[in-house]
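S.K.: I'm passing along start-v4.cif; it holds mmCIF, C-alpha atoms.
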data_my_file
loop_
_atom_site.label_atom_id
_atom_site.label_comp_id
_atom_site.auth_asym_id
_atom_site.auth_seq_id
_atom_site.Cartn_x
_atom_site.Cartn_y
_atom_site.Cartn_z
CA PHE A 1 -32.34 -12.50 -37.53
CA SER A 2 -32.05 -9.80 -40.20
CA GLY A 3 -29.33 -9.00 -42.72
CA THR A 4 -30.73 -5.86 -44.33
CA GLY A 5 -33.56 -5.01 -41.94
CA ASN A 6 -36.61 -6.61 -43.55
CA SER A 7 -37.15 -9.18 -40.82
CA LEU A 8 -36.27 -6.61 -38.18
CA GLN A 9 -38.97 -4.27 -39.47
CA VAL A 10 -41.56 -7.06 -39.43
CA ALA A 11 -40.57 -8.11 -35.89
CA LYS A 12 -40.79 -4.55 -34.59
CA ASP A 13 -44.09 -3.92 -36.32
CA ILE A 14 -45.59 -7.11 -34.87
CA ALA A 15 -44.32 -6.20 -31.40
CA GLU A 16 -45.98 -2.81 -31.67
CA LYS A 17 -49.27 -4.40 -32.74
CA ILE A 18 -49.26 -7.06 -30.02
CA GLY A 19 -47.92 -4.92 -27.19
CA GLU A 20 -46.05 -6.02 -24.06
CA CYS A 21 -43.41 -7.98 -25.91
CA GLU A 22 -39.70 -7.78 -26.57
CA VAL A 23 -37.80 -7.95 -29.86
CA ILE A 24 -34.66 -10.04 -29.40
CA ASN A 25 -31.75 -10.57 -31.79
CA LEU A 26 -31.56 -14.36 -31.68
CA ALA A 27 -27.96 -14.27 -32.90
CA LYS A 28 -27.08 -12.61 -29.57
CA TYR A 29 -29.39 -14.71 -27.39
CA ASP A 30 -27.82 -16.94 -24.73
CA THR A 31 -29.36 -20.29 -25.61
CA ASN A 32 -28.52 -21.58 -22.13
CA GLU A 33 -31.21 -19.26 -20.81
CA LYS A 34 -34.64 -20.88 -20.76
CA ILE A 35 -37.46 -19.08 -22.57
CA ASN A 36 -40.55 -18.60 -20.45
CA ALA A 37 -43.16 -16.60 -22.36
CA GLU A 38 -46.84 -16.76 -23.18
CA ARG A 39 -46.15 -16.27 -26.90
CA VAL A 40 -42.94 -16.77 -28.86
CA GLY A 41 -42.51 -15.46 -32.40
CA ILE A 42 -39.69 -16.30 -34.81
CA VAL A 43 -39.13 -13.83 -37.65
CA PHE A 44 -36.56 -14.78 -40.26
CA PRO A 45 -35.59 -14.43 -43.95
CA VAL A 46 -36.09 -17.31 -46.38
CA TYR A 47 -32.80 -18.76 -47.62
CA PHE A 48 -33.01 -20.85 -50.77
CA TRP A 49 -36.63 -21.91 -50.22
CA GLY A 50 -35.89 -22.78 -46.59
CA VAL A 51 -34.46 -21.74 -43.24
CA PRO A 52 -31.08 -20.09 -42.51
CA ASN A 53 -28.57 -22.16 -40.56
CA ILE A 54 -28.65 -19.77 -37.62
CA ILE A 55 -32.37 -20.44 -37.17
CA LYS A 56 -31.86 -24.20 -37.29
CA VAL A 57 -29.11 -24.05 -34.66
CA PHE A 58 -31.13 -21.70 -32.46
CA LEU A 59 -34.23 -23.90 -32.48
CA LYS A 60 -32.18 -27.00 -31.68
CA LYS A 61 -30.55 -25.32 -28.67
CA ILE A 62 -33.30 -23.32 -26.99
CA GLU A 63 -35.50 -24.64 -24.21
CA LEU A 64 -39.10 -23.43 -24.30
CA GLN A 65 -40.95 -23.72 -21.03
CA ASN A 66 -44.67 -24.19 -20.34
CA ASN A 67 -45.69 -24.91 -23.95
CA PRO A 68 -46.04 -21.36 -25.28
CA TYR A 69 -48.04 -20.34 -28.33
CA ILE A 70 -45.44 -20.30 -31.12
CA PHE A 71 -45.75 -18.47 -34.41
CA ALA A 72 -43.29 -17.72 -37.20
CA VAL A 73 -43.09 -15.13 -39.95
CA ALA A 74 -40.90 -15.72 -43.00
CA THR A 75 -39.83 -12.69 -45.00
CA CYS A 76 -39.10 -13.43 -48.64
CA GLY A 77 -38.51 -11.77 -51.96
CA GLY A 78 -40.37 -14.50 -53.81
CA THR A 79 -41.59 -17.75 -52.27
CA VAL A 80 -41.82 -19.01 -48.71
CA GLY A 81 -40.84 -22.47 -49.97
CA ALA A 82 -40.74 -25.09 -47.23
CA SER A 83 -39.33 -22.76 -44.58
CA LEU A 84 -42.30 -22.75 -42.21
CA ILE A 85 -42.64 -26.52 -42.47
CA GLN A 86 -38.94 -26.80 -41.57
CA ILE A 87 -39.55 -24.62 -38.50
CA ASN A 88 -42.39 -26.90 -37.44
CA ASP A 89 -40.26 -30.01 -37.98
CA LEU A 90 -37.49 -28.57 -35.79
CA LEU A 91 -39.97 -27.71 -33.04
CA ARG A 92 -41.44 -31.20 -33.13
CA LEU A 93 -38.03 -32.59 -32.21
CA LYS A 94 -38.50 -30.68 -28.93
CA ASN A 95 -42.11 -31.83 -28.47
CA GLN A 96 -43.33 -28.38 -29.48
CA LYS A 97 -45.32 -27.22 -32.48
CA LEU A 98 -45.72 -24.19 -34.70
CA HIS A 99 -49.27 -22.96 -34.11
CA ALA A 100 -49.30 -20.47 -36.99
CA GLY A 101 -46.90 -19.51 -39.77
CA PHE A 102 -47.01 -16.60 -42.18
CA ALA A 103 -45.10 -15.29 -45.19
CA ILE A 104 -44.56 -11.61 -45.97
CA THR A 105 -43.07 -10.45 -49.26
CA MET A 106 -40.49 -7.72 -48.68
CA PRO A 107 -38.07 -5.93 -51.04
CA GLU A 108 -35.61 -8.30 -52.70
CA ASN A 109 -32.18 -8.21 -51.04
CA TYR A 110 -30.19 -11.14 -52.45
CA ILE A 111 -27.82 -8.89 -54.35
CA VAL A 112 -25.73 -11.82 -55.63
CA TYR A 113 -28.61 -12.49 -58.01
CA TYR A 114 -30.76 -9.35 -58.02
CA ASN A 115 -30.64 -5.57 -58.08
CA ALA A 116 -32.59 -3.68 -55.45
CA SER A 117 -36.13 -2.92 -56.55
CA SER A 118 -37.23 0.67 -57.20
CA LYS A 119 -38.24 2.94 -54.31
CA GLU A 120 -41.80 2.82 -55.60
CA LYS A 121 -41.86 -0.98 -55.55
CA GLN A 122 -40.32 -1.02 -52.09
CA GLN A 123 -43.00 1.30 -50.75
CA GLU A 124 -45.71 -0.82 -52.34
CA LEU A 125 -44.39 -3.86 -50.44
CA PHE A 126 -44.10 -1.90 -47.19
CA ASP A 127 -47.75 -0.87 -47.56
CA LYS A 128 -48.78 -4.50 -48.12
CA GLU A 129 -46.73 -5.53 -45.09
CA LYS A 130 -48.83 -3.28 -42.88
CA LEU A 131 -52.03 -4.89 -44.18
CA LYS A 132 -50.67 -8.40 -43.59
CA LEU A 133 -49.65 -7.44 -40.06
CA GLU A 134 -53.25 -6.64 -39.24
CA VAL A 135 -54.11 -10.26 -40.00
CA ILE A 136 -51.08 -11.69 -38.20
CA SER A 137 -51.54 -9.65 -35.04
CA LYS A 138 -55.17 -10.71 -34.66
CA VAL A 139 -54.23 -14.38 -34.99
CA VAL A 140 -51.37 -14.09 -32.51
CA ILE A 141 -53.27 -12.07 -29.92
CA SER A 142 -56.09 -14.63 -29.95
CA LYS A 143 -53.59 -17.54 -30.00
CA LYS A 144 -55.39 -19.02 -32.94
CA GLU A 145 -54.03 -22.23 -34.42
CA GLN A 146 -54.11 -22.40 -38.20
CA SER A 147 -52.46 -24.00 -41.21
CA LEU A 148 -48.96 -22.85 -42.12
CA GLU A 149 -48.62 -20.75 -45.24
CA LYS A 150 -46.67 -22.52 -47.96
CA SER A 151 -45.86 -22.23 -51.63
CA LYS A 152 -48.54 -23.46 -54.01
CA TYR A 153 -45.84 -24.96 -56.22
CA LEU A 154 -44.56 -28.46 -55.42
CA ILE A 155 -41.13 -27.64 -56.87
CA ASP A 156 -40.68 -24.92 -54.24
CA MET A 157 -41.34 -27.44 -51.50
CA LEU A 158 -38.80 -29.85 -52.98
CA PHE A 159 -36.20 -27.08 -53.28
CA GLY A 160 -36.81 -26.18 -49.64
CA LYS A 161 -36.14 -29.73 -48.51
CA ILE A 162 -33.24 -30.57 -50.81
CA LEU A 163 -31.54 -27.46 -52.21
CA ASN A 164 -31.76 -25.47 -48.98
CA LYS A 165 -29.79 -28.14 -47.12
CA SER A 166 -27.15 -28.63 -49.80
CA VAL A 167 -26.55 -24.91 -50.37
CA VAL A 168 -27.10 -23.22 -47.01
CA ASN A 169 -25.02 -25.71 -45.05
CA ASN A 170 -21.96 -24.42 -46.96
CA PHE A 171 -22.53 -20.74 -46.19
CA ALA A 172 -20.08 -20.53 -43.26
CA THR A 173 -17.04 -20.30 -45.54
CA LYS A 174 -18.65 -18.49 -48.45
CA ASP A 175 -17.18 -15.31 -46.96
CA THR A 176 -13.99 -16.17 -48.86
CA GLY A 177 -15.78 -14.64 -51.85
CA PHE A 178 -16.05 -11.15 -50.35
CA LYS A 179 -13.73 -8.66 -52.05
CA LEU A 180 -12.62 -5.30 -50.72
CA ASN A 181 -11.62 -2.50 -53.08
CA ASP A 182 -9.71 0.74 -52.55
CA LYS A 183 -12.92 2.66 -51.79
CA CYS A 184 -12.89 1.31 -48.22
CA ILE A 185 -12.77 4.17 -45.68
CA GLY A 186 -12.24 1.95 -42.64
CA CYS A 187 -15.46 3.08 -40.96
CA GLY A 188 -16.15 -0.34 -39.42
CA LYS A 189 -19.85 -0.34 -40.22
CA CYS A 190 -19.60 -3.84 -41.71
CA GLU A 191 -18.24 -5.10 -38.39
CA LYS A 192 -21.07 -3.43 -36.46
CA VAL A 193 -23.93 -4.79 -38.58
CA CYS A 194 -22.66 -8.38 -38.65
CA SER A 195 -25.08 -10.30 -36.42
CA VAL A 196 -22.70 -13.19 -35.82
CA SER A 197 -19.49 -11.18 -35.25
CA ASN A 198 -17.85 -12.76 -38.27
CA ILE A 199 -16.11 -9.50 -39.27
CA ILE A 200 -13.15 -8.04 -37.38
CA MET A 201 -11.40 -4.83 -38.35
CA ALA A 202 -7.65 -5.31 -38.74
CA ASP A 203 -5.42 -2.37 -39.66
CA GLY A 204 -8.53 -0.40 -40.57
CA LYS A 205 -9.88 -3.03 -42.96
CA PRO A 206 -12.51 -5.76 -42.47
CA THR A 207 -11.52 -9.41 -42.31
CA TRP A 208 -14.01 -12.28 -42.54
CA ASN A 209 -13.54 -15.24 -40.21
CA HIS A 210 -15.45 -18.13 -41.77
CA HIS A 211 -18.53 -18.47 -39.59
CA CYS A 212 -20.65 -16.43 -41.98
CA GLU A 213 -24.45 -16.60 -42.31
CA PHE A 214 -24.19 -15.01 -45.77
CA CYS A 215 -26.87 -12.43 -44.99
CA LEU A 216 -24.86 -9.93 -47.10
CA GLY A 217 -25.55 -7.18 -44.59
CA CYS A 218 -21.89 -6.12 -44.66
CA LEU A 219 -21.94 -5.66 -48.42
CA GLN A 220 -25.32 -3.94 -48.48
CA SER A 221 -24.50 -1.59 -45.58
CA CYS A 222 -21.10 -0.38 -46.78
CA PRO A 223 -21.45 3.40 -47.28
CA ALA A 224 -18.58 3.45 -49.79
CA GLU A 225 -19.76 0.33 -51.69
CA ALA A 226 -16.26 -1.01 -51.12
CA ILE A 227 -17.39 -4.61 -50.53
CA ASN A 228 -18.42 -6.92 -53.35
CA TYR A 229 -19.01 -10.61 -53.73
CA ALA A 230 -16.81 -12.30 -56.34
CA ASP A 231 -17.66 -10.64 -59.68
CA LYS A 232 -21.42 -10.68 -59.10
CA THR A 233 -22.30 -7.41 -57.36
CA GLN A 234 -20.06 -4.64 -58.70
CA LYS A 235 -22.74 -2.91 -60.77
CA LYS A 236 -25.76 -3.75 -58.66
CA ILE A 237 -27.84 -1.38 -56.56
CA ARG A 238 -27.57 -1.90 -52.80
CA TYR A 239 -30.54 -2.27 -50.47
CA ILE A 240 -31.00 -1.54 -46.78
CA ASN A 241 -34.47 -1.32 -45.25
CA PRO A 242 -35.07 2.40 -44.72
CA ASN A 243 -37.50 1.94 -41.81
CA VAL A 244 -35.16 0.45 -39.20
CA SER A 245 -31.58 0.72 -37.98
CA LEU A 246 -29.43 -2.42 -37.90
CA GLN A 247 -27.02 -0.93 -35.34
#
Show this structure as structure tokens.
M.R.:
Amino acid sequence: FSGTGNSLQVAKDIAEKIGECEVINLAKYDTNEKINAERVGIVFPVYFWGVPNIIKVFLKKIELQNNPYIFAVATCGGTVGASLIQINDLLRLKNQKLHAGFAITMPENYIVYYNASSKEKQQELFDKEKLKLEVISKVVISKKEQSLEKSKYLIDMLFGKILNKSVVNNFATKDTGFKLNDKCIGCGKCEKVCSVSNIIMADGKPTWNHHCEFCLGCLQSCPAEAINYADKTQKKIRYINPNVSLQ
């Protein structure tokens, strides 16, 4: 699951390192289909110190066969919070476990709060991502079981368990805050990049339909910068990962 491409880049890079594996958009995955694989990796962005709703729903619905080796990679702009622990807790409900969990810092993309970082800073993080992937790929290939990475700050863990639930559970209807200005050219890119098909073009303009994951991919991807969120993003620099295509 990837709003601006950070998690997609990590997933593709891991797949290339491991070999003989498939990158799947979990938002499009038919959860009635059983998963039968030797290794299963979950790559996702950290939302408010924890896990996005779409990941929670996915893990509750899927059926994993033959006890595969399971690993997870959380992409974050700051802290991993309690996200990997939440993944493990969800898997335990299905009598599974998370064998290894990693955090990778990627360029900040929560535009409601932050501007995009400079190109130089972005490249620095991309370079560090490649180094971290060397470590991750060796662990995954060998099916090594190890402790989950977590924040060293107790407050981050508390936020992940409390604030994540209270904030993220309300994201579905936060799309009422998206505003469209007269710069819109009706290109439909926002509709195409929306992982959960929450955007439908009507009379050449996007409409949001209240099952949003609030990944902000529509806002970030708009070539005309015609989409904003409330009064929080008008003067902020957009970010889309330059190393992958979301379409």
S.K.: Dump as a VMD selection string all residues having an atom at most 10 Å from (-28.1, -11.7, -56.0), computed in the file's coordinates with all atoms listed in the file.
M.R.: chain A and resid 108 to 116 216 229 232 to 233 236
S.K.: Write out, as CSV, each residue of stretch 96-157 of chain A that has an atom at most 12 Å from stretch 8-14 of chain A, together with the closest pair of atoms and their distance in Å to one decimal, counting only C-alpha atoms, rows going by chain and rising number.
M.R.:
residue,atom,partner,partner_atom,distance
A:Phe102,CA,A:Val10,CA,11.3
A:Ala103,CA,A:Val10,CA,10.7
A:Ile104,CA,A:Val10,CA,8.5
A:Thr105,CA,A:Val10,CA,10.5
A:Met106,CA,A:Val10,CA,9.3
A:Pro107,CA,A:Gln9,CA,11.7
A:Leu125,CA,A:Val10,CA,11.8
A:Phe126,CA,A:Gln9,CA,9.6
A:Asp127,CA,A:Val10,CA,11.9
A:Lys128,CA,A:Val10,CA,11.6
A:Glu129,CA,A:Val10,CA,7.8
A:Lys130,CA,A:Asp13,CA,8.1
A:Leu131,CA,A:Asp13,CA,11.2
A:Lys132,CA,A:Val10,CA,10.1
A:Leu133,CA,A:Ile14,CA,6.6
A:Glu134,CA,A:Ile14,CA,8.8
A:Val135,CA,A:Ile14,CA,10.4
A:Ile136,CA,A:Ile14,CA,7.9
A:Ser137,CA,A:Ile14,CA,6.5
A:Lys138,CA,A:Ile14,CA,10.2
A:Val139,CA,A:Ile14,CA,11.3
A:Val140,CA,A:Ile14,CA,9.4
A:Ile141,CA,A:Ile14,CA,10.4
S.K.: Grab all the atoms of stretch 63-69 of chain A that the file lists, wrap them in a box along x, y and z, add 3 Å per side, and give me centre plus edge lengths in Å (one decimal) as lines of an AutoDock Vina configuration file.
M.R.:
center_x = -41.8
center_y = -22.6
center_z = -24.3
size_x = 18.5
size_y = 10.6
size_z = 14.0
S.K.: Just the number, please: distance in Å from atom CA of A:Gly204 to atom CA of A:Gly217, one decimal.
M.R.: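 Separating atom CA of A:Gly204 from atom CA of A:Gly217 is a distance of 18.8 Å.
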S.K.: Could you list, as an MDAnalysis selection string, every residue within 10 Å of A:Ser197, counting only C-alpha atoms and ignoring same-chain residues fewer than 3 positions away?
M.R.: chainID A and resid 27:28 190:194 200 208:209 211:212
S.K.: Between atom CA of A:Gly41 and atom CA of A:Leu59, what distance in Å does the model show, to one decimal?
M.R.: 11.8 Å
S.K.: Just so the selection is clear, what residues does the PyMOL selection byres ((chain A and resi 21) around 10) cover here, as a compact mmCIF listing (two decimals) with C-alpha atoms, in the coordinates of the input?
M.R.:
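Result written to selection_10.txt:
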# COMPACT_ATOMS: atom_id res chain seq x y z
CA LYS A 12 -40.79 -4.55 -34.59
CA ILE A 14 -45.59 -7.11 -34.87
CA ALA A 15 -44.32 -6.20 -31.40
CA GLU A 16 -45.98 -2.81 -31.67
CA LYS A 17 -49.27 -4.40 -32.74
CA ILE A 18 -49.26 -7.06 -30.02
CA GLY A 19 -47.92 -4.92 -27.19
CA GLU A 20 -46.05 -6.02 -24.06
CA GLU A 22 -39.70 -7.78 -26.57
CA VAL A 23 -37.80 -7.95 -29.86
CA ILE A 24 -34.66 -10.04 -29.40
CA ALA A 37 -43.16 -16.60 -22.36
CA GLU A 38 -46.84 -16.76 -23.18
CA ARG A 39 -46.15 -16.27 -26.90
CA VAL A 40 -42.94 -16.77 -28.86
CA GLY A 41 -42.51 -15.46 -32.40
S.K.: With distances taken over only C-alpha atoms, which residue among A:Gly3, A:Gly81, A:Pro242, A:Pro68 lies nearest A:Ile54?
M.R.: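 For A:Ile54, the nearest of the given residues is A:Gly3.
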S.K.: Just so the selection is clear, what residues does the PyMOL selection byres ((chain A and resi 101) around 10) cover here, as a PDB file with C-alpha atoms, keeping the file's coordinate frame?
M.R.:
ATOM      1  CA  GLY A  41     -42.510 -15.460 -32.400  1.00  0.00           C
ATOM      2  CA  ILE A  42     -39.690 -16.300 -34.810  1.00  0.00           C
ATOM      3  CA  VAL A  43     -39.130 -13.830 -37.650  1.00  0.00           C
ATOM      4  CA  ILE A  70     -45.440 -20.300 -31.120  1.00  0.00           C
ATOM      5  CA  PHE A  71     -45.750 -18.470 -34.410  1.00  0.00           C
ATOM      6  CA  ALA A  72     -43.290 -17.720 -37.200  1.00  0.00           C
ATOM      7  CA  VAL A  73     -43.090 -15.130 -39.950  1.00  0.00           C
ATOM      8  CA  ALA A  74     -40.900 -15.720 -43.000  1.00  0.00           C
ATOM      9  CA  SER A  83     -39.330 -22.760 -44.580  1.00  0.00           C
ATOM     10  CA  LEU A  84     -42.300 -22.750 -42.210  1.00  0.00           C
ATOM     11  CA  ILE A  85     -42.640 -26.520 -42.470  1.00  0.00           C
ATOM     12  CA  ILE A  87     -39.550 -24.620 -38.500  1.00  0.00           C
ATOM     13  CA  ASN A  88     -42.390 -26.900 -37.440  1.00  0.00           C
ATOM     14  CA  LEU A  98     -45.720 -24.190 -34.700  1.00  0.00           C
ATOM     15  CA  HIS A  99     -49.270 -22.960 -34.110  1.00  0.00           C
ATOM     16  CA  ALA A 100     -49.300 -20.470 -36.990  1.00  0.00           C
ATOM     17  CA  PHE A 102     -47.010 -16.600 -42.180  1.00  0.00           C
ATOM     18  CA  ALA A 103     -45.100 -15.290 -45.190  1.00  0.00           C
ATOM     19  CA  ILE A 136     -51.080 -11.690 -38.200  1.00  0.00           C
ATOM     20  CA  GLU A 145     -54.030 -22.230 -34.420  1.00  0.00           C
ATOM     21  CA  GLN A 146     -54.110 -22.400 -38.200  1.00  0.00           C
ATOM     22  CA  SER A 147     -52.460 -24.000 -41.210  1.00  0.00           C
ATOM     23  CA  LEU A 148     -48.960 -22.850 -42.120  1.00  0.00           C
ATOM     24  CA  GLU A 149     -48.620 -20.750 -45.240  1.00  0.00           C
ATOM     25  CA  LYS A 150     -46.670 -22.520 -47.960  1.00  0.00           C
TER      26      LYS A 150
END
S.K.: Point out the residue among A:Lys61, A:Lys56, A:Lys165, A:Lys152 with the least atom-to-atom distance to A:Ile35, counting all atoms listed in the file.
M.R.: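 When distances to A:Ile35 are compared using all atoms listed in the file, the smallest one comes from A:Lys61.
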